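Source file: upload_23.tsv. Holds: TSV, C-alpha atoms and all ligand atoms.
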chain	number	residue	atom	x	y	z
A	9	MET	CA	38.40	39.87	5.26
A	10	TYR	CA	40.66	41.62	2.79
A	11	LEU	CA	40.17	45.39	2.40
A	12	THR	CA	41.82	47.53	-0.24
A	13	ARG	CA	43.72	50.63	0.85
A	14	GLU	CA	40.70	52.77	-0.09
A	15	GLU	CA	38.37	50.56	1.93
A	16	GLU	CA	40.71	50.75	4.90
A	17	LYS	CA	40.55	54.53	4.74
A	18	MET	CA	36.74	54.31	4.81
A	19	TYR	CA	36.90	51.89	7.75
A	20	SER	CA	39.29	54.06	9.75
A	21	GLY	CA	37.14	57.18	9.44
A	22	GLU	CA	39.23	59.14	6.98
A	23	TYR	CA	36.08	59.99	4.97
A	24	GLY	CA	34.01	61.00	8.00
A	25	PRO	CA	31.68	59.27	10.46
A	26	ALA	CA	28.91	58.31	8.04
A	27	VAL	CA	31.26	56.38	5.74
A	28	GLU	CA	33.05	54.88	8.75
A	29	LYS	CA	29.79	53.66	10.29
A	30	SER	CA	28.64	52.25	6.95
A	31	MET	CA	31.93	50.44	6.31
A	32	GLU	CA	31.78	48.94	9.80
A	33	ILE	CA	28.35	47.49	8.97
A	34	LEU	CA	29.63	46.04	5.67
A	35	VAL	CA	32.71	44.49	7.32
A	36	ALA	CA	30.56	42.99	10.08
A	37	LEU	CA	28.22	41.48	7.47
A	38	GLY	CA	31.18	40.19	5.46
A	39	ASP	CA	32.67	38.54	8.57
A	40	ILE	CA	29.36	36.87	9.45
A	41	TYR	CA	28.88	35.45	5.94
A	42	GLY	CA	32.53	34.58	5.27
A	43	ALA	CA	33.19	37.09	2.47
A	44	ASP	CA	36.76	37.22	1.20
A	45	GLY	CA	36.55	40.93	0.41
A	46	MET	CA	34.30	43.60	-1.11
A	47	VAL	CA	32.93	44.05	-4.64
A	48	GLU	CA	32.13	47.41	-6.16
A	49	ILE	CA	28.43	47.95	-6.89
A	50	VAL	CA	26.65	49.92	-9.61
A	51	SER	CA	23.20	50.28	-8.04
A	52	ALA	CA	21.37	50.21	-4.70
A	53	GLN	CA	17.72	49.73	-3.78
A	54	ILE	CA	17.02	50.50	-0.15
A	55	SER	CA	14.24	49.12	2.07
A	56	GLY	CA	13.40	50.35	5.54
A	57	VAL	CA	11.32	53.27	4.32
A	58	SER	CA	7.79	52.86	5.69
A	59	TYR	CA	7.31	54.39	9.13
A	60	LYS	CA	5.16	51.30	9.81
A	61	THR	CA	8.24	49.06	9.57
A	62	VAL	CA	11.11	51.28	10.86
A	63	GLY	CA	9.32	53.38	13.50
A	64	ASP	CA	10.97	56.17	15.53
A	65	VAL	CA	14.23	54.23	15.99
A	66	GLY	CA	14.70	54.03	12.23
A	67	LEU	CA	13.79	57.69	11.75
A	68	GLU	CA	16.37	58.74	14.36
A	69	TYR	CA	19.09	56.54	12.78
A	70	LEU	CA	18.43	58.00	9.31
A	71	GLU	CA	18.33	61.61	10.51
A	72	ASP	CA	21.64	61.10	12.36
A	73	LEU	CA	23.25	59.60	9.26
A	74	ALA	CA	21.97	62.40	7.02
A	75	GLY	CA	23.14	64.94	9.63
A	76	GLU	CA	26.63	63.45	9.45
A	77	GLY	CA	26.71	64.25	5.75
A	78	ALA	CA	26.13	60.73	4.36
A	79	GLN	CA	25.89	60.68	0.55
A	80	VAL	CA	25.30	57.74	-1.76
A	81	VAL	CA	27.89	57.18	-4.48
A	82	VAL	CA	25.86	54.92	-6.82
A	83	PRO	CA	22.36	55.38	-8.34
A	84	SER	CA	20.01	54.48	-5.50
A	85	THR	CA	16.23	54.25	-5.18
A	86	LEU	CA	13.89	53.74	-2.23
A	87	ASN	CA	11.42	50.98	-1.44
A	88	PRO	CA	7.74	51.91	-0.95
A	89	ALA	CA	6.89	54.25	1.92
A	90	GLY	CA	3.83	54.07	4.17
A	91	VAL	CA	1.85	56.80	2.35
A	92	ASP	CA	1.31	58.37	-1.04
A	93	LEU	CA	3.66	61.30	-0.59
A	94	ASP	CA	1.54	63.69	-2.67
A	95	GLN	CA	-2.07	62.47	-2.30
A	96	TRP	CA	-2.00	61.32	1.34
A	97	LYS	CA	-4.68	63.76	2.50
A	98	GLU	CA	-7.18	62.95	-0.29
A	99	LEU	CA	-6.68	59.23	0.25
A	100	GLY	CA	-7.23	59.47	4.01
A	101	PHE	CA	-3.77	58.50	5.34
A	102	PRO	CA	-3.39	59.38	9.05
A	103	ALA	CA	-1.75	62.81	9.54
A	104	GLU	CA	0.57	61.88	12.45
A	105	PHE	CA	1.88	58.81	10.62
A	106	THR	CA	2.38	60.90	7.47
A	107	LYS	CA	4.35	63.55	9.37
A	108	LYS	CA	6.90	60.93	10.49
A	109	GLN	CA	6.90	59.31	7.06
A	110	LEU	CA	7.77	62.57	5.33
A	111	LEU	CA	10.71	63.06	7.72
A	112	ILE	CA	12.06	59.60	6.84
A	113	VAL	CA	11.85	60.28	3.11
A	114	GLU	CA	13.47	63.69	3.61
A	115	ALA	CA	16.44	62.08	5.42
A	116	TYR	CA	16.94	59.71	2.49
A	117	ARG	CA	16.57	62.58	-0.01
A	118	LYS	CA	19.32	64.50	1.78
A	119	MET	CA	21.62	61.51	1.23
A	120	GLY	CA	21.08	61.78	-2.53
A	121	ILE	CA	18.71	58.80	-2.86
A	122	SER	CA	15.94	59.05	-5.44
A	123	THR	CA	12.62	59.25	-3.60
A	124	THR	CA	10.73	57.30	-6.26
A	125	CYS	CA	9.71	54.85	-3.49
A	126	THR	CA	9.03	51.70	-5.45
A	127	CYS	CA	9.60	47.95	-5.29
A	128	THR	CA	10.00	47.88	-9.10
A	129	PRO	CA	13.18	49.97	-9.51
A	130	TYR	CA	13.73	48.21	-12.84
A	131	LEU	CA	10.62	49.99	-14.21
A	132	VAL	CA	11.91	53.45	-13.26
A	133	GLY	CA	15.42	53.46	-14.66
A	134	ASN	CA	17.35	51.60	-11.95
A	135	VAL	CA	18.31	48.79	-14.36
A	136	PRO	CA	21.74	47.26	-13.69
A	137	PRO	CA	23.34	45.28	-16.52
A	138	LEU	CA	23.86	41.51	-16.70
A	139	GLY	CA	26.64	40.33	-14.38
A	140	SER	CA	26.94	43.62	-12.47
A	141	HIS	CA	27.09	43.68	-8.66
A	142	ILE	CA	24.33	45.56	-6.86
A	143	ALA	CA	22.91	45.89	-3.33
A	144	TRP	CA	19.13	45.63	-3.39
A	145	SER	CA	16.94	44.90	-0.42
A	146	GLU	CA	13.28	44.59	-1.41
A	147	SER	CA	12.87	40.82	-1.74
A	148	SER	CA	10.78	40.87	-4.93
A	149	ALA	CA	13.20	43.30	-6.59
A	150	VAL	CA	16.13	41.13	-5.49
A	151	CYS	CA	14.50	38.15	-7.16
A	152	TYR	CA	13.83	40.10	-10.37
A	153	GLY	CA	17.30	41.70	-10.42
A	154	ASN	CA	19.12	38.42	-9.93
A	155	SER	CA	16.91	36.30	-12.16
A	156	VAL	CA	15.59	38.40	-15.02
A	157	LEU	CA	18.31	41.06	-15.26
A	158	GLY	CA	21.13	38.68	-14.29
A	159	ALA	CA	22.64	41.25	-11.91
A	160	ARG	CA	24.09	39.96	-8.61
A	161	THR	CA	22.76	40.82	-5.18
A	162	ASN	CA	22.13	39.17	-1.85
A	163	ARG	CA	18.87	39.78	-0.02
A	164	GLU	CA	20.16	42.88	1.72
A	165	GLY	CA	18.56	44.36	4.80
A	166	GLY	CA	17.84	48.11	4.70
A	167	PRO	CA	20.99	49.12	6.66
A	168	GLY	CA	23.20	46.81	4.54
A	169	ALA	CA	21.90	48.28	1.25
A	170	LEU	CA	22.20	51.84	2.55
A	171	SER	CA	25.76	51.22	3.76
A	172	ALA	CA	26.64	49.72	0.39
A	173	ALA	CA	25.17	52.75	-1.40
A	174	ILE	CA	27.29	55.08	0.76
A	175	CYS	CA	30.53	53.09	0.31
A	176	GLY	CA	29.88	51.87	-3.26
A	177	ARG	CA	30.72	48.34	-2.15
A	178	THR	CA	29.18	45.23	-0.67
A	179	PRO	CA	30.71	42.05	0.82
A	180	ASN	CA	31.51	39.42	-1.79
A	181	TYR	CA	29.59	36.27	-0.86
A	182	GLY	CA	26.42	34.34	-1.72
A	183	TYR	CA	24.73	35.41	-4.97
A	184	HIS	CA	27.75	37.54	-5.99
A	185	LEU	CA	29.70	34.32	-6.60
A	186	ASP	CA	29.24	31.91	-9.53
A	187	GLU	CA	28.84	28.98	-7.14
A	188	GLY	CA	26.05	30.82	-5.30
A	189	ARG	CA	23.89	30.87	-8.44
A	190	VAL	CA	23.59	27.14	-9.16
A	191	PRO	CA	20.00	25.75	-9.02
A	192	HIS	CA	18.86	23.30	-6.33
A	193	LEU	CA	15.51	22.15	-7.65
A	194	LEU	CA	14.17	21.47	-11.13
A	195	VAL	CA	10.52	22.56	-11.40
A	196	GLU	CA	8.62	21.14	-14.36
A	197	VAL	CA	5.38	23.06	-14.85
A	198	GLU	CA	2.97	20.88	-16.78
A	199	THR	CA	0.09	23.32	-17.02
A	200	SER	CA	-0.29	26.58	-18.92
A	201	LEU	CA	-0.26	29.67	-16.72
A	202	ASN	CA	-2.40	32.79	-16.87
A	203	GLY	CA	-2.86	35.89	-14.72
A	204	ALA	CA	-2.61	35.20	-11.00
A	205	ASP	CA	-1.36	31.64	-11.69
A	206	TYR	CA	2.20	32.97	-11.75
A	207	GLY	CA	1.90	34.21	-8.18
A	208	ALA	CA	0.32	30.93	-7.07
A	209	LEU	CA	3.15	28.98	-8.75
A	210	GLY	CA	5.75	31.16	-7.00
A	211	TYR	CA	4.01	30.70	-3.68
A	212	LEU	CA	3.95	26.91	-3.87
A	213	VAL	CA	7.50	26.57	-5.22
A	214	GLY	CA	8.85	29.07	-2.65
A	215	LYS	CA	7.45	26.86	0.10
A	216	ALA	CA	9.13	23.80	-1.43
A	217	VAL	CA	12.56	25.30	-2.09
A	218	GLY	CA	12.96	27.61	0.95
A	219	ASN	CA	16.07	29.69	0.35
A	220	GLY	CA	17.23	27.49	-2.55
A	221	ILE	CA	17.29	28.28	-6.27
A	222	PRO	CA	14.55	26.80	-8.49
A	223	TYR	CA	15.06	26.12	-12.18
A	224	PHE	CA	11.76	26.27	-14.07
A	225	LYS	CA	10.93	24.40	-17.22
A	226	LEU	CA	7.51	25.18	-18.70
A	227	VAL	CA	6.67	21.91	-20.43
A	228	ASP	CA	3.21	22.76	-21.81
A	229	GLU	CA	3.80	23.42	-25.49
A	230	GLN	CA	0.96	25.96	-25.61
A	231	GLN	CA	2.61	27.99	-22.85
A	232	LYS	CA	3.52	31.51	-23.99
A	233	LYS	CA	6.83	32.99	-22.85
A	234	PRO	CA	6.20	34.89	-19.59
A	235	GLN	CA	6.44	38.68	-19.78
A	236	VAL	CA	7.76	41.28	-17.32
A	237	ASN	CA	4.51	41.49	-15.31
A	238	GLN	CA	4.31	37.73	-14.90
A	239	LEU	CA	7.97	37.36	-13.97
A	240	LYS	CA	7.70	40.05	-11.32
A	241	ALA	CA	4.62	38.34	-9.83
A	242	LEU	CA	6.39	34.98	-9.84
A	243	GLY	CA	9.55	36.37	-8.21
A	244	ALA	CA	7.61	38.29	-5.55
A	245	ALA	CA	5.71	35.17	-4.50
A	246	LEU	CA	8.86	32.98	-4.49
A	247	ALA	CA	10.54	35.52	-2.24
A	248	SER	CA	7.64	35.75	0.19
A	249	SER	CA	6.60	32.13	0.86
A	250	GLY	CA	10.25	31.04	0.73
A	251	ALA	CA	13.37	33.17	0.86
A	252	VAL	CA	14.17	32.77	-2.82
A	253	ALA	CA	16.57	35.39	-4.21
A	254	LEU	CA	17.16	33.86	-7.63
A	255	PHE	CA	15.34	31.60	-10.06
A	256	HIS	CA	16.24	30.41	-13.52
A	257	MET	CA	13.75	29.70	-16.29
A	258	GLU	CA	14.54	27.81	-19.45
A	259	ASN	CA	14.51	30.07	-22.57
A	260	THR	CA	13.62	33.12	-20.48
A	261	THR	CA	16.25	34.18	-17.92
A	262	PRO	CA	19.78	35.07	-19.06
A	263	GLU	CA	21.96	32.65	-17.10
A	264	SER	CA	21.95	29.12	-18.40
A	265	PRO	CA	21.81	26.48	-15.66
A	266	GLU	CA	22.64	23.83	-18.27
A	267	ALA	CA	26.11	25.34	-18.50
A	268	MET	CA	26.61	25.40	-14.72
A	269	PRO	CA	28.34	22.66	-12.80
A	270	TYR	CA	26.24	20.39	-10.54
A	271	THR	CA	22.98	20.99	-12.46
A	272	LYS	CA	22.65	17.42	-13.61
A	273	ASN	CA	20.52	15.05	-11.53
A	274	LEU	CA	18.65	17.83	-9.74
A	275	GLU	CA	15.81	16.87	-7.46
A	276	LYS	CA	12.56	17.39	-9.41
A	277	LEU	CA	9.18	18.89	-8.55
A	278	THR	CA	6.32	18.53	-11.01
A	279	VAL	CA	3.57	21.16	-10.87
A	280	THR	CA	0.14	20.32	-12.28
A	281	ARG	CA	-3.03	22.36	-12.84
A	282	GLU	CA	-4.43	20.84	-9.69
A	283	ASP	CA	-1.44	22.05	-7.63
A	284	VAL	CA	-1.84	25.62	-8.91
A	285	ASP	CA	-5.62	25.64	-8.30
A	286	ASP	CA	-5.18	24.17	-4.84
A	287	THR	CA	-2.69	26.92	-3.93
A	288	ARG	CA	-4.96	29.62	-5.34
A	289	GLY	CA	-7.80	28.39	-3.14
A	290	LYS	CA	-5.67	28.42	0.00
A	291	LEU	CA	-4.54	32.04	-0.42
A	292	SER	CA	-7.97	33.59	0.36
A	293	THR	CA	-9.22	34.10	3.90
A	294	SER	CA	-12.51	35.79	3.00
A	295	GLN	CA	-14.83	36.43	0.05
A	296	LYS	CA	-15.93	39.99	-0.61
A	297	PRO	CA	-13.29	42.75	-0.66
A	298	ASP	CA	-14.15	46.30	0.39
A	299	LEU	CA	-10.83	47.55	-1.02
A	300	VAL	CA	-9.21	46.04	-4.11
A	301	CYS	CA	-5.46	46.71	-4.15
A	302	LEU	CA	-3.56	45.99	-7.34
A	303	GLY	CA	0.10	46.63	-8.05
A	304	CYS	CA	2.09	44.17	-5.94
A	305	PRO	CA	4.86	44.47	-7.06
A	306	HIS	CA	4.15	48.04	-8.20
A	307	ALA	CA	2.12	48.16	-11.41
A	308	SER	CA	3.69	48.73	-14.80
A	309	LEU	CA	2.13	51.13	-17.30
A	310	GLU	CA	0.80	48.10	-19.20
A	311	GLU	CA	-1.04	46.81	-16.11
A	312	ILE	CA	-2.57	50.24	-15.44
A	313	LYS	CA	-3.66	50.44	-19.06
A	314	GLU	CA	-5.52	47.12	-18.79
A	315	VAL	CA	-7.41	48.36	-15.72
A	316	ALA	CA	-8.24	51.66	-17.42
A	317	LEU	CA	-9.57	49.89	-20.53
A	318	LYS	CA	-11.81	47.72	-18.36
A	319	LEU	CA	-13.16	50.69	-16.36
A	320	ASP	CA	-13.68	53.14	-19.21
A	321	GLY	CA	-17.15	54.70	-18.84
A	322	LYS	CA	-18.06	52.51	-15.82
A	323	LYS	CA	-18.48	53.11	-12.05
A	324	LEU	CA	-16.90	50.94	-9.37
A	325	ALA	CA	-18.99	49.41	-6.59
A	326	ASN	CA	-15.97	48.74	-4.35
A	327	GLN	CA	-12.89	50.85	-3.68
A	328	LEU	CA	-9.81	50.43	-5.85
A	329	TRP	CA	-6.15	51.33	-5.44
A	330	VAL	CA	-3.70	50.64	-8.24
A	331	CYS	CA	-0.30	51.01	-6.54
A	332	THR	CA	2.68	52.18	-8.55
A	333	SER	CA	5.65	54.55	-8.58
A	334	ILE	CA	5.46	58.29	-9.20
A	335	SER	CA	7.30	57.78	-12.52
A	336	VAL	CA	4.84	55.23	-13.89
A	337	LYS	CA	1.92	57.34	-12.63
A	338	ALA	CA	3.29	60.33	-14.54
A	339	ALA	CA	3.17	58.24	-17.73
A	340	SER	CA	-0.32	56.99	-16.80
A	341	ASP	CA	-1.47	60.61	-16.25
A	342	ARG	CA	-0.21	61.59	-19.68
A	343	MET	CA	-1.87	58.60	-21.35
A	344	GLY	CA	-5.21	59.45	-19.72
A	345	TYR	CA	-5.37	56.14	-17.77
A	346	THR	CA	-5.35	57.83	-14.36
A	347	ARG	CA	-8.31	60.03	-15.32
A	348	ILE	CA	-10.35	57.02	-16.51
A	349	ILE	CA	-9.64	55.10	-13.28
A	350	GLU	CA	-10.49	58.15	-11.14
A	351	GLU	CA	-13.72	58.81	-13.04
A	352	ALA	CA	-14.74	55.23	-12.29
A	353	GLY	CA	-14.10	55.92	-8.58
A	354	GLY	CA	-10.64	54.29	-8.20
A	355	HIS	CA	-7.22	55.74	-7.46
A	356	VAL	CA	-3.74	55.37	-8.89
A	357	VAL	CA	-1.77	55.41	-5.64
A	358	CYS	CA	1.94	56.23	-5.60
A	359	ASP	CA	4.90	55.45	-3.35
A	360	THR	CA	3.17	52.89	-1.13
A	361	CYS	CA	1.26	49.59	-1.12
A	362	MET	CA	-1.33	47.50	0.68
A	363	VAL	CA	1.28	45.92	2.96
A	364	VAL	CA	3.47	48.82	4.12
A	365	ALA	CA	0.64	51.41	4.32
A	366	PRO	CA	-1.31	51.59	7.60
A	367	ILE	CA	-4.50	50.33	5.89
A	368	GLU	CA	-5.59	48.57	9.08
A	369	TYR	CA	-6.21	52.07	10.53
A	370	MET	CA	-8.08	53.37	7.49
A	371	GLY	CA	-11.37	51.53	7.92
A	372	PHE	CA	-10.79	48.60	5.55
A	373	LYS	CA	-11.56	45.01	6.56
A	374	VAL	CA	-11.15	42.75	3.51
A	375	ILE	CA	-8.54	43.44	0.84
A	376	GLY	CA	-8.81	42.01	-2.66
A	377	VAL	CA	-5.45	41.21	-4.28
A	378	ASP	CA	-4.21	39.46	-7.41
A	379	SER	CA	-0.73	39.05	-5.90
A	380	ALA	CA	0.25	35.93	-3.96
A	381	LYS	CA	2.84	37.98	-2.05
A	382	ALA	CA	0.18	40.46	-0.91
A	383	ALA	CA	-2.17	37.58	-0.04
A	384	ASN	CA	0.60	36.13	2.10
A	385	TYR	CA	1.46	39.38	3.93
A	386	VAL	CA	-1.82	41.33	4.32
A	387	PRO	CA	-3.16	38.99	7.06
A	388	SER	CA	0.17	38.85	8.94
A	389	MET	CA	1.31	42.47	8.56
A	390	CYS	CA	-2.04	44.28	8.57
A	391	GLY	CA	-4.25	41.81	10.45
A	392	LEU	CA	-6.90	42.01	7.68
A	393	ASP	CA	-8.61	39.36	5.56
A	394	VAL	CA	-7.73	38.86	1.89
A	395	VAL	CA	-9.36	37.56	-1.26
A	396	PHE	CA	-6.91	36.31	-3.88
A	397	ASP	CA	-8.22	36.19	-7.44
A	398	GLU	CA	-7.84	37.65	-10.92
A	399	TRP	CA	-8.23	41.43	-10.69
A	400	GLU	CA	-11.12	41.32	-13.18
A	401	ASN	CA	-13.05	39.15	-10.72
A	402	LEU	CA	-12.21	41.33	-7.71
A	403	ILE	CA	-13.45	44.67	-8.98
A	404	ALA	CA	-17.21	45.14	-8.81
A	405	ILE	CA	-18.91	47.36	-11.40
A	406	LYS	CA	-22.15	49.21	-10.59
A	407	LYS	CA	-25.11	48.02	-12.65
B	1	LIG	FE1	5.96	45.89	-3.42
B	1	LIG	FE2	4.45	46.15	-1.32
B	1	LIG	FE3	4.19	44.06	-2.87
B	1	LIG	S1	6.60	46.58	-1.42
B	1	LIG	S2	6.21	43.71	-3.69
B	1	LIG	S3	3.78	46.18	-3.45
B	1	LIG	S4	4.12	44.04	-0.66
How does this structure look as C-alpha cells?
Ligand code: F3S
Amino acid sequence: MYLTREEEKMYSGEYGPAVEKSMEILVALGDIYGADGMVEIVSAQISGVSYKTVGDVGLEYLEDLAGEGAQVVVPSTLNPAGVDLDQWKELGFPAEFTKKQLLIVEAYRKMGISTTCTCTPYLVGNVPPLGSHIAWSESSAVCYGNSVLGARTNREGGPGALSAAICGRTPNYGYHLDEGRVPHLLVEVETSLNGADYGALGYLVGKAVGNGIPYFKLVDEQQKKPQVNQLKALGAALASSGAVALFHMENTTPESPEAMPYTKNLEKLTVTREDVDDTRGKLSTSQKPDLVCLGCPHASLEEIKEVALKLDGKKLANQLWVCTSISVKAASDRMGYTRIIEEAGGHVVCDTCMVVAPIEYMGFKVIGVDSAKAANYVPSMCGLDVVFDEWENLIAIKK
C-alpha cells in the first residue's frame, strides 16, 4: 500500500518503537483488507480495556507500549473497564481483579487517552463531524458513529484503534470509502416502536443482514422520529446479533441512500408487530432478576432522569445498577438523580457494564436488562440468565 513520506518515517522507526510498532499493525491491517493507503483520523475510541477480556497478556502489552513512550495524537477515549474505578469497593468488585484493572487504565492514561471508560463516547464530547475519518472499536459506538453522526470507521479491534490513535491514521478501506456505505437490505418496519422494541428490532435485523448495511423505513404514520437513546439501542443490537457497522434510516440519519448508486431494487424485509414481539420473547432465558442492569449502551442523562423520577420516594426490592460514564454521572449527581436512585437502594455505576464486569463472581444469578445487546451477551460472556423487558417492568418496588 502507498505510504506518504511521513508514514514511511513512522514505519521505519524514526519516531521511536511505539510509533513503529503501531504503524506496522496498521500496514498489516491495510494489506489484509486491500487498502490503497492511509487516511488521517480525528478521533479514536479504544476497546480492550476490561481485565476480563484482555487478561495479563493485554496488560503486559499496554504497559510495554506506555513504557516505550507511546502517546496518542488525536482525541481518544476508552471503552468500559471491568470495574467502577471509584466505587469498586462499595459495589463489591473483587480486589485482585480491580488491582489489575487499575494498572490497565493507568497504562492507557499514560498514553494520553481519556479514562472516561464508556461505550457512548458521543455523549461525553468525543463527537466527530459528518464525513470525518475515525478509528472506533466498540461495536455499538461504531454503529452510532457511522450511522447517526455520519463519521467513517471500520469495526476496529482494540490494537487497531490504539495504533491509529498513536499514528493519527488508519488504513483506507471498507466504511471509509463511499462504495462501502451503500445499503444491502431495505427494512420496512410496519409497526410503531416503543422502549425495548428498538433493541428487539436491531436484534432481528442484525441476524438477517449479517455484516451488511440495512436501510430502515418506518412506515407506520404514527411512528415518532427515534431519538438518541433509541438509536443507540438499535445500533447496539444490530452490531451484536449481526456484525452491522452502519445503518441508514429514512428522514433520520444524515447520509441519503436514495442518492447512492445501486440502492434501487434492494432486497426487502418487512417487520411486523408479531416479528418484534416474537424476538422480545426469545431474548429472555429466565423470569425474575436479582440484579437489574440498565445502561447498555451507557445511559444518557435523560435515561437516568427517567429512572430517578420513577424511584423518587420509593424503595427497591431487587438490586439496580444504572451503568454510565463518569461524565454523565457527574451531571446526574448535580441534578440530584444519583441521590434519589441511591436512596431507593440502587446505584449509578460508572466505567463498566453488566457484560465486561465480573458479575458472575459477585453472587448474581439472573440479570434483568432492557437492552437486546446485553440480553445477547450476558448468557455467553457471563454464563448467567437474563430477563429482557422494559426497565419499568424489571425493577421491583417494595410495597
Ligand atoms: Fe456498552 Fe457494555 Fe453494552 S460496553 S454497549 S454497556 S455490553
Counting only C-alpha atoms, the residue of A:Asn326, A:Ser171, A:Lys381, A:Glu187 that sits nearest Ala36 (chain A):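 Among the listed residues, A:Ser171 lies closest to Ala36 (chain A).
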Protein and nucleic acid residues within 8 Å of ligand LIG 1 (chain B) (all atoms listed in the file) as a PDB file with C-alpha atoms, keeping the file's coordinate frame:
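selection-v3.pdb, freshly written:
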ATOM      1  CA  ASN A  87      11.420  50.980  -1.440  1.00  0.00           C
ATOM      2  CA  PRO A  88       7.740  51.910  -0.950  1.00  0.00           C
ATOM      3  CA  THR A 126       9.030  51.700  -5.450  1.00  0.00           C
ATOM      4  CA  CYS A 127       9.600  47.950  -5.290  1.00  0.00           C
ATOM      5  CA  THR A 128      10.000  47.880  -9.100  1.00  0.00           C
ATOM      6  CA  GLU A 146      13.280  44.590  -1.410  1.00  0.00           C
ATOM      7  CA  SER A 147      12.870  40.820  -1.740  1.00  0.00           C
ATOM      8  CA  SER A 148      10.780  40.870  -4.930  1.00  0.00           C
ATOM      9  CA  ALA A 149      13.200  43.300  -6.590  1.00  0.00           C
ATOM     10  CA  ALA A 244       7.610  38.290  -5.550  1.00  0.00           C
ATOM     11  CA  GLY A 303       0.100  46.630  -8.050  1.00  0.00           C
ATOM     12  CA  CYS A 304       2.090  44.170  -5.940  1.00  0.00           C
ATOM     13  CA  PRO A 305       4.860  44.470  -7.060  1.00  0.00           C
ATOM     14  CA  HIS A 306       4.150  48.040  -8.200  1.00  0.00           C
ATOM     15  CA  CYS A 331      -0.300  51.010  -6.540  1.00  0.00           C
ATOM     16  CA  THR A 332       2.680  52.180  -8.550  1.00  0.00           C
ATOM     17  CA  THR A 360       3.170  52.890  -1.130  1.00  0.00           C
ATOM     18  CA  CYS A 361       1.260  49.590  -1.120  1.00  0.00           C
ATOM     19  CA  MET A 362      -1.330  47.500   0.680  1.00  0.00           C
ATOM     20  CA  VAL A 363       1.280  45.920   2.960  1.00  0.00           C
ATOM     21  CA  VAL A 364       3.470  48.820   4.120  1.00  0.00           C
ATOM     22  CA  SER A 379      -0.730  39.050  -5.900  1.00  0.00           C
ATOM     23  CA  LYS A 381       2.840  37.980  -2.050  1.00  0.00           C
ATOM     24  CA  ALA A 382       0.180  40.460  -0.910  1.00  0.00           C
ATOM     25  CA  TYR A 385       1.460  39.380   3.930  1.00  0.00           C
TER      26      TYR A 385
END
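Remark: for Pro137 (chain A), the closest of the candidate residues A:Ala173, A:Gly75, A:Glu28, A:Pro262 is A:Pro262 (distances computed over only C-alpha atoms).
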Pick from A:Val217, A:Val91, A:Ile312, A:Val150, whichever lies nearest to Pro129 (chain A) using all atoms listed in the file: A:Val150
Pairwise distance for CA of Val50 (chain A) and CA of Ala169 (chain A), rounded to one decimal in Å: 12.0 Å
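Going from CA of Val80 (chain A) to CA of Ala172 (chain A) covers 8.4 Å.
Using all atoms listed in the file, the contacts of region 201-204 of chain A at a cut-off of 9 Å, with sequence neighbours closer than 4 positions omitted, comprise Val197, Ala208, Leu209, Gln231, Lys232, Pro234, Gln238, Ala241, Arg281, Val284, Arg288, Asp378, Ser379, Ala380, Phe396, Asp397, Glu398 and Trp399 of chain A.
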Let me have the centre and edge lengths in Å, one decimal, of the box along x, y and z around every listed atom of region 324-331 of chain A with 3 Å of margin on each side, as lines of an AutoDock Vina configuration file.
center_x = -9.6
center_y = 50.0
center_z = -6.5
size_x = 24.7
size_y = 8.6
size_z = 11.7
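Compared by their closest atoms to Phe101 (chain A), and using only C-alpha atoms, the residues A:Leu309, A:Arg160, A:Thr199, A:Pro366 rank with A:Pro366 nearest.
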Atomic separation - CA of Trp144 (chain A) relative to CA of Ser264 (chain A), Å: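 These two atoms are separated by 22.5 Å.
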Top pick for closest residue to Asp39 (chain A), considering A:Val62, A:Leu11, A:Val213, A:Val395 and counting all atoms listed in the file: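 Closest to Asp39 (chain A), using all atoms listed in the file: A:Leu11.
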Residue nearest Thr178 (chain A) among A:Lys17, A:Arg163, A:Lys322, A:Lys276 (counting all atoms listed in the file): A:Arg163
Polymer residues at most 12 Å from Leu37 (chain A), all atoms listed in the file, same-chain spacing of 3 or more positions, as an NGL selection string: :A and (9 or 30-34 or 40-46 or 162 or 164-165 or 167-169 or 171-172 or 178-182)
Surrounding residues of Tyr116 (chain A) excluding itself and chain neighbours under 6 positions, 9 Å, only C-alpha atoms, as a ChimeraX atom specification: /A:57,70-71,74,86,122-123
Please produce a file of those selected residues containing C-alpha atoms, as a CSV table (one decimal), in the frame of the given file.
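The resulting file, out.csv, is reproduced below:
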chain,number,residue,atom,x,y,z
A,57,VAL,CA,11.3,53.3,4.3
A,70,LEU,CA,18.4,58.0,9.3
A,71,GLU,CA,18.3,61.6,10.5
A,74,ALA,CA,22.0,62.4,7.0
A,86,LEU,CA,13.9,53.7,-2.2
A,122,SER,CA,15.9,59.0,-5.4
A,123,THR,CA,12.6,59.2,-3.6
